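A.B. asks: This is the structure I want to talk about, given as structure tokens.
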Amino acid sequence: MVSASSALQLYKNVKDYIGLESYLNILPKDLRFFVTRLRIFAHSLRIQTDRYSTTYTPRIDRVSKYCDKNEIEDEFHFVINCKRYRNIRVKYLNPFYYVTPSMFKFISLLKSVDKQILFNLAKYIKEATHIRLSCDYITN
Ligand SMILES: [Zn+2]
């Protein structure tokens with residue numbers, strides 16, 4: 001497993017990349033929106049919201065409330081690991097990315113220039129975002 005700081009560095013690279021690169025040319029407008037939205041929606045994940053809110057939570061405690069994995073709710077968790085979206089993950093993502101996940105695989109997914117992979121990623125983000133916005137927190 002990569003260290004938190006190196007993962008963060010890699011992640012910064014992806015964010016820069018997502019902002020500029022090929023998916024814009026590969027995906028039709030309606031699906032492009034959802035890949036772009038991962039960046040925008042990222043601000044709705046706990047990793048961001050609990051950073052500034054009046055209920056400030058230390059980074060390590062900003063865990064997903066949508067599953068019991070006790071992982072920080074960031075984009076990696078949202079796309080690759082959260083159990084809440086397992087059904088749509090199986091539907092749209094290659095198991096290569098989530099069976100033994102890593103930050104490197106996640107980045108390669110986001111950087112993909114394969115049209116089908118990008119289509120499916122966009123559909124995943126679309127459906128997972130919908131679930132995330134409409135479901136209640138898990139009750140333990
Ligand atoms: Zn989760």
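By convention here, the chains of the structure tokens are called A, B, ... in the order presented, each chain's residues are numbered starting at 1, and ligands are numbered starting at 1 in the order presented.
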Which residues form the shell of 8 Å around ligand 1 when you count only C-alpha atoms and all ligand atoms, given as a PDB file with N, CA, C and O atoms, in the first residue's frame?
C.D. replies:
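Everything below was put into pocket_35.pdb:
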ATOM      1  N   VAL A  63     -14.769   9.122   7.763  1.00  0.00           N
ATOM      2  CA  VAL A  63     -15.016   7.824   7.138  1.00  0.00           C
ATOM      3  C   VAL A  63     -16.386   7.802   6.455  1.00  0.00           C
ATOM      4  O   VAL A  63     -17.282   8.578   6.789  1.00  0.00           O
ATOM      5  N   SER A  64     -16.508   6.881   5.516  1.00  0.00           N
ATOM      6  CA  SER A  64     -17.757   6.709   4.790  1.00  0.00           C
ATOM      7  C   SER A  64     -18.865   6.295   5.748  1.00  0.00           C
ATOM      8  O   SER A  64     -18.705   5.385   6.548  1.00  0.00           O
ATOM      9  N   LYS A  65     -19.993   6.964   5.617  1.00  0.00           N
ATOM     10  CA  LYS A  65     -21.172   6.606   6.406  1.00  0.00           C
ATOM     11  C   LYS A  65     -22.084   5.682   5.622  1.00  0.00           C
ATOM     12  O   LYS A  65     -23.182   5.353   6.051  1.00  0.00           O
ATOM     13  N   TYR A  66     -21.642   5.281   4.444  1.00  0.00           N
ATOM     14  CA  TYR A  66     -22.493   4.495   3.555  1.00  0.00           C
ATOM     15  C   TYR A  66     -22.129   3.024   3.514  1.00  0.00           C
ATOM     16  O   TYR A  66     -22.750   2.249   2.800  1.00  0.00           O
ATOM     17  N   CYS A  67     -21.091   2.659   4.270  1.00  0.00           N
ATOM     18  CA  CYS A  67     -20.724   1.249   4.394  1.00  0.00           C
ATOM     19  C   CYS A  67     -19.967   1.092   5.714  1.00  0.00           C
ATOM     20  O   CYS A  67     -19.754   2.058   6.434  1.00  0.00           O
ATOM     21  N   ASP A  68     -19.575  -0.129   6.005  1.00  0.00           N
ATOM     22  CA  ASP A  68     -18.918  -0.385   7.286  1.00  0.00           C
ATOM     23  C   ASP A  68     -17.413  -0.651   7.133  1.00  0.00           C
ATOM     24  O   ASP A  68     -16.806  -1.285   7.970  1.00  0.00           O
ATOM     25  N   LYS A  69     -16.826  -0.164   6.055  1.00  0.00           N
ATOM     26  CA  LYS A  69     -15.401  -0.426   5.828  1.00  0.00           C
ATOM     27  C   LYS A  69     -14.480   0.473   6.649  1.00  0.00           C
ATOM     28  O   LYS A  69     -13.283   0.233   6.725  1.00  0.00           O
ATOM     29  N   ASN A  70     -15.045   1.497   7.231  1.00  0.00           N
ATOM     30  CA  ASN A  70     -14.265   2.393   8.077  1.00  0.00           C
ATOM     31  C   ASN A  70     -13.099   3.034   7.312  1.00  0.00           C
ATOM     32  O   ASN A  70     -11.997   3.162   7.837  1.00  0.00           O
ATOM     33  N   GLU A  71     -13.374   3.421   6.076  1.00  0.00           N
ATOM     34  CA  GLU A  71     -12.366   4.089   5.264  1.00  0.00           C
ATOM     35  C   GLU A  71     -12.771   5.537   5.039  1.00  0.00           C
ATOM     36  O   GLU A  71     -13.962   5.857   4.981  1.00  0.00           O
ATOM     37  N   GLU A  73     -13.894   8.695   3.344  1.00  0.00           N
ATOM     38  CA  GLU A  73     -14.716   8.843   2.141  1.00  0.00           C
ATOM     39  C   GLU A  73     -14.086   9.870   1.203  1.00  0.00           C
ATOM     40  O   GLU A  73     -14.358  11.066   1.267  1.00  0.00           O
ATOM     41  N   HIS A  77     -12.316   5.822  -2.384  1.00  0.00           N
ATOM     42  CA  HIS A  77     -13.320   5.003  -1.699  1.00  0.00           C
ATOM     43  C   HIS A  77     -14.630   4.993  -2.492  1.00  0.00           C
ATOM     44  O   HIS A  77     -15.249   3.946  -2.676  1.00  0.00           O
ATOM     45  N   PHE A  78     -15.021   6.146  -2.955  1.00  0.00           N
ATOM     46  CA  PHE A  78     -16.291   6.301  -3.670  1.00  0.00           C
ATOM     47  C   PHE A  78     -16.323   5.449  -4.944  1.00  0.00           C
ATOM     48  O   PHE A  78     -17.316   4.772  -5.224  1.00  0.00           O
ATOM     49  N   ASN A  81     -13.978   1.349  -3.620  1.00  0.00           N
ATOM     50  CA  ASN A  81     -14.105   0.506  -2.423  1.00  0.00           C
ATOM     51  C   ASN A  81     -15.447   0.504  -1.703  1.00  0.00           C
ATOM     52  O   ASN A  81     -15.743  -0.437  -0.977  1.00  0.00           O
ATOM     53  N   CYS A  82     -16.226   1.554  -1.823  1.00  0.00           N
ATOM     54  CA  CYS A  82     -17.424   1.635  -0.981  1.00  0.00           C
ATOM     55  C   CYS A  82     -18.396   0.488  -1.306  1.00  0.00           C
ATOM     56  O   CYS A  82     -18.778   0.270  -2.462  1.00  0.00           O
ATOM     57  N   LYS A  83     -18.782  -0.215  -0.255  1.00  0.00           N
ATOM     58  CA  LYS A  83     -19.659  -1.377  -0.445  1.00  0.00           C
ATOM     59  C   LYS A  83     -21.055  -0.977  -0.922  1.00  0.00           C
ATOM     60  O   LYS A  83     -21.771  -1.774  -1.517  1.00  0.00           O
ATOM     61  N   ARG A  84     -21.412   0.259  -0.661  1.00  0.00           N
ATOM     62  CA  ARG A  84     -22.742   0.729  -1.032  1.00  0.00           C
ATOM     63  C   ARG A  84     -22.980   0.649  -2.547  1.00  0.00           C
ATOM     64  O   ARG A  84     -24.109   0.479  -3.009  1.00  0.00           O
TER      65      ARG A  84
END
A.B. asks: Can you tell me which residues surround region 92-101 of chain A at a distance of at most 9 Å, considering only C-alpha atoms, apart from same-chain residues fewer than 5 positions away, and format the answer as a compact mmCIF listing (two decimals) with all heavy atoms, in the first residue's frame?
C.D. replies:
# COMPACT_ATOMS: atom_id res chain seq x y z
N VAL A 79 -15.26 5.46 -5.70
CA VAL A 79 -15.25 4.74 -6.98
C VAL A 79 -14.86 3.27 -6.81
O VAL A 79 -15.46 2.41 -7.44
CB VAL A 79 -14.29 5.44 -7.99
CG1 VAL A 79 -14.18 4.63 -9.30
CG2 VAL A 79 -14.76 6.86 -8.29
N ILE A 80 -13.91 2.99 -5.96
CA ILE A 80 -13.30 1.66 -5.94
C ILE A 80 -13.77 0.78 -4.78
O ILE A 80 -13.93 -0.43 -4.94
CB ILE A 80 -11.76 1.80 -5.87
CG1 ILE A 80 -11.23 2.58 -7.09
CG2 ILE A 80 -11.06 0.45 -5.74
CD1 ILE A 80 -11.47 1.90 -8.43
N ASN A 81 -13.98 1.35 -3.62
CA ASN A 81 -14.10 0.51 -2.42
C ASN A 81 -15.45 0.50 -1.70
O ASN A 81 -15.74 -0.44 -0.98
CB ASN A 81 -13.04 0.91 -1.40
CG ASN A 81 -11.74 0.16 -1.60
OD1 ASN A 81 -11.70 -0.85 -2.30
ND2 ASN A 81 -10.67 0.66 -1.00
N ASN A 87 -22.86 -3.18 -6.44
CA ASN A 87 -23.62 -3.72 -7.58
C ASN A 87 -23.34 -2.97 -8.88
O ASN A 87 -23.17 -3.59 -9.93
CB ASN A 87 -25.12 -3.67 -7.29
CG ASN A 87 -25.52 -4.68 -6.24
OD1 ASN A 87 -24.74 -5.56 -5.90
ND2 ASN A 87 -26.71 -4.52 -5.69
N PHE A 106 -6.22 2.95 -9.68
CA PHE A 106 -7.25 3.98 -9.72
C PHE A 106 -6.84 5.09 -10.69
O PHE A 106 -7.64 5.54 -11.53
CB PHE A 106 -7.45 4.55 -8.31
CG PHE A 106 -8.50 5.62 -8.20
CD1 PHE A 106 -9.77 5.43 -8.72
CD2 PHE A 106 -8.23 6.81 -7.56
CE1 PHE A 106 -10.74 6.42 -8.60
CE2 PHE A 106 -9.19 7.80 -7.43
CZ PHE A 106 -10.45 7.60 -7.96
N SER A 108 -4.75 4.80 -13.15
CA SER A 108 -4.76 4.29 -14.53
C SER A 108 -6.18 4.25 -15.08
O SER A 108 -6.42 4.49 -16.26
CB SER A 108 -4.08 2.92 -14.62
OG SER A 108 -4.90 1.91 -14.08
N LEU A 109 -7.14 3.98 -14.21
CA LEU A 109 -8.54 4.02 -14.62
C LEU A 109 -8.93 5.44 -15.05
O LEU A 109 -9.52 5.66 -16.11
CB LEU A 109 -9.45 3.53 -13.48
CG LEU A 109 -10.96 3.68 -13.67
CD1 LEU A 109 -11.45 2.84 -14.84
CD2 LEU A 109 -11.69 3.27 -12.38
N ILE A 117 -13.99 1.92 -21.48
CA ILE A 117 -13.68 2.08 -20.05
C ILE A 117 -14.20 3.44 -19.57
O ILE A 117 -14.80 3.55 -18.49
CB ILE A 117 -12.17 1.92 -19.81
CG1 ILE A 117 -11.76 0.45 -20.00
CG2 ILE A 117 -11.79 2.40 -18.40
CD1 ILE A 117 -10.26 0.20 -19.94
N PHE A 119 -16.60 5.28 -20.92
CA PHE A 119 -18.06 5.26 -20.94
C PHE A 119 -18.59 4.63 -19.65
O PHE A 119 -19.49 5.15 -18.99
CB PHE A 119 -18.57 4.43 -22.12
CG PHE A 119 -18.95 5.24 -23.32
CD1 PHE A 119 -17.99 5.87 -24.09
CD2 PHE A 119 -20.28 5.39 -23.68
CE1 PHE A 119 -18.34 6.62 -25.20
CE2 PHE A 119 -20.64 6.15 -24.79
CZ PHE A 119 -19.67 6.76 -25.56
N ASN A 120 -18.00 3.48 -19.32
CA ASN A 120 -18.47 2.77 -18.14
C ASN A 120 -18.16 3.51 -16.85
O ASN A 120 -18.96 3.51 -15.92
CB ASN A 120 -17.89 1.35 -18.11
CG ASN A 120 -18.55 0.45 -19.14
OD1 ASN A 120 -19.68 0.70 -19.56
ND2 ASN A 120 -17.87 -0.60 -19.54
N LEU A 121 -17.01 4.14 -16.80
CA LEU A 121 -16.67 4.94 -15.62
C LEU A 121 -17.68 6.08 -15.46
O LEU A 121 -18.16 6.34 -14.35
CB LEU A 121 -15.24 5.50 -15.75
CG LEU A 121 -14.81 6.46 -14.65
CD1 LEU A 121 -14.76 5.74 -13.29
CD2 LEU A 121 -13.44 7.08 -14.96
N LYS A 123 -20.74 6.13 -16.50
CA LYS A 123 -22.02 5.58 -16.06
C LYS A 123 -21.97 5.21 -14.59
O LYS A 123 -22.94 5.39 -13.84
CB LYS A 123 -22.38 4.36 -16.91
CG LYS A 123 -22.79 4.72 -18.33
CD LYS A 123 -22.99 3.46 -19.16
CE LYS A 123 -23.18 3.80 -20.63
NZ LYS A 123 -23.04 2.59 -21.47
N TYR A 124 -20.83 4.67 -14.15
CA TYR A 124 -20.67 4.35 -12.72
C TYR A 124 -20.84 5.60 -11.87
O TYR A 124 -21.57 5.61 -10.89
CB TYR A 124 -19.29 3.71 -12.46
CG TYR A 124 -19.05 3.48 -10.99
CD1 TYR A 124 -19.46 2.30 -10.38
CD2 TYR A 124 -18.49 4.47 -10.19
CE1 TYR A 124 -19.31 2.10 -9.02
CE2 TYR A 124 -18.33 4.29 -8.83
CZ TYR A 124 -18.74 3.11 -8.25
OH TYR A 124 -18.58 2.92 -6.90
A.B. asks: To one decimal in Å, tell me the separation between CA of Arg62 (chain A) and CA of Glu75 (chain A).
C.D. replies: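 About the pair CA of Arg62 (chain A) and CA of Glu75 (chain A): they are 12.5 Å apart.
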A.B. asks: For Leu31 (chain A), which residue among A:His130, A:Cys135, A:Ala122, A:Gln116 is the nearest when counting only C-alpha atoms?
C.D. replies: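 Residue with the minimum atom-to-atom distance to Leu31 (chain A): A:Ala122.
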A.B. asks: Between CA of Tyr85 (chain A) and CA of Thr129 (chain A), what distance in Å does the model show, to one decimal?
C.D. replies: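 Interatomic distance, CA of Tyr85 (chain A) to CA of Thr129 (chain A): 9.4 Å.
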A.B. asks: So what do you get for CA of Ile47 (chain A) versus CA of Asp74 (chain A), distance-wise?
C.D. replies: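 Result for CA of Ile47 (chain A) versus CA of Asp74 (chain A): 5.3 Å, one decimal.
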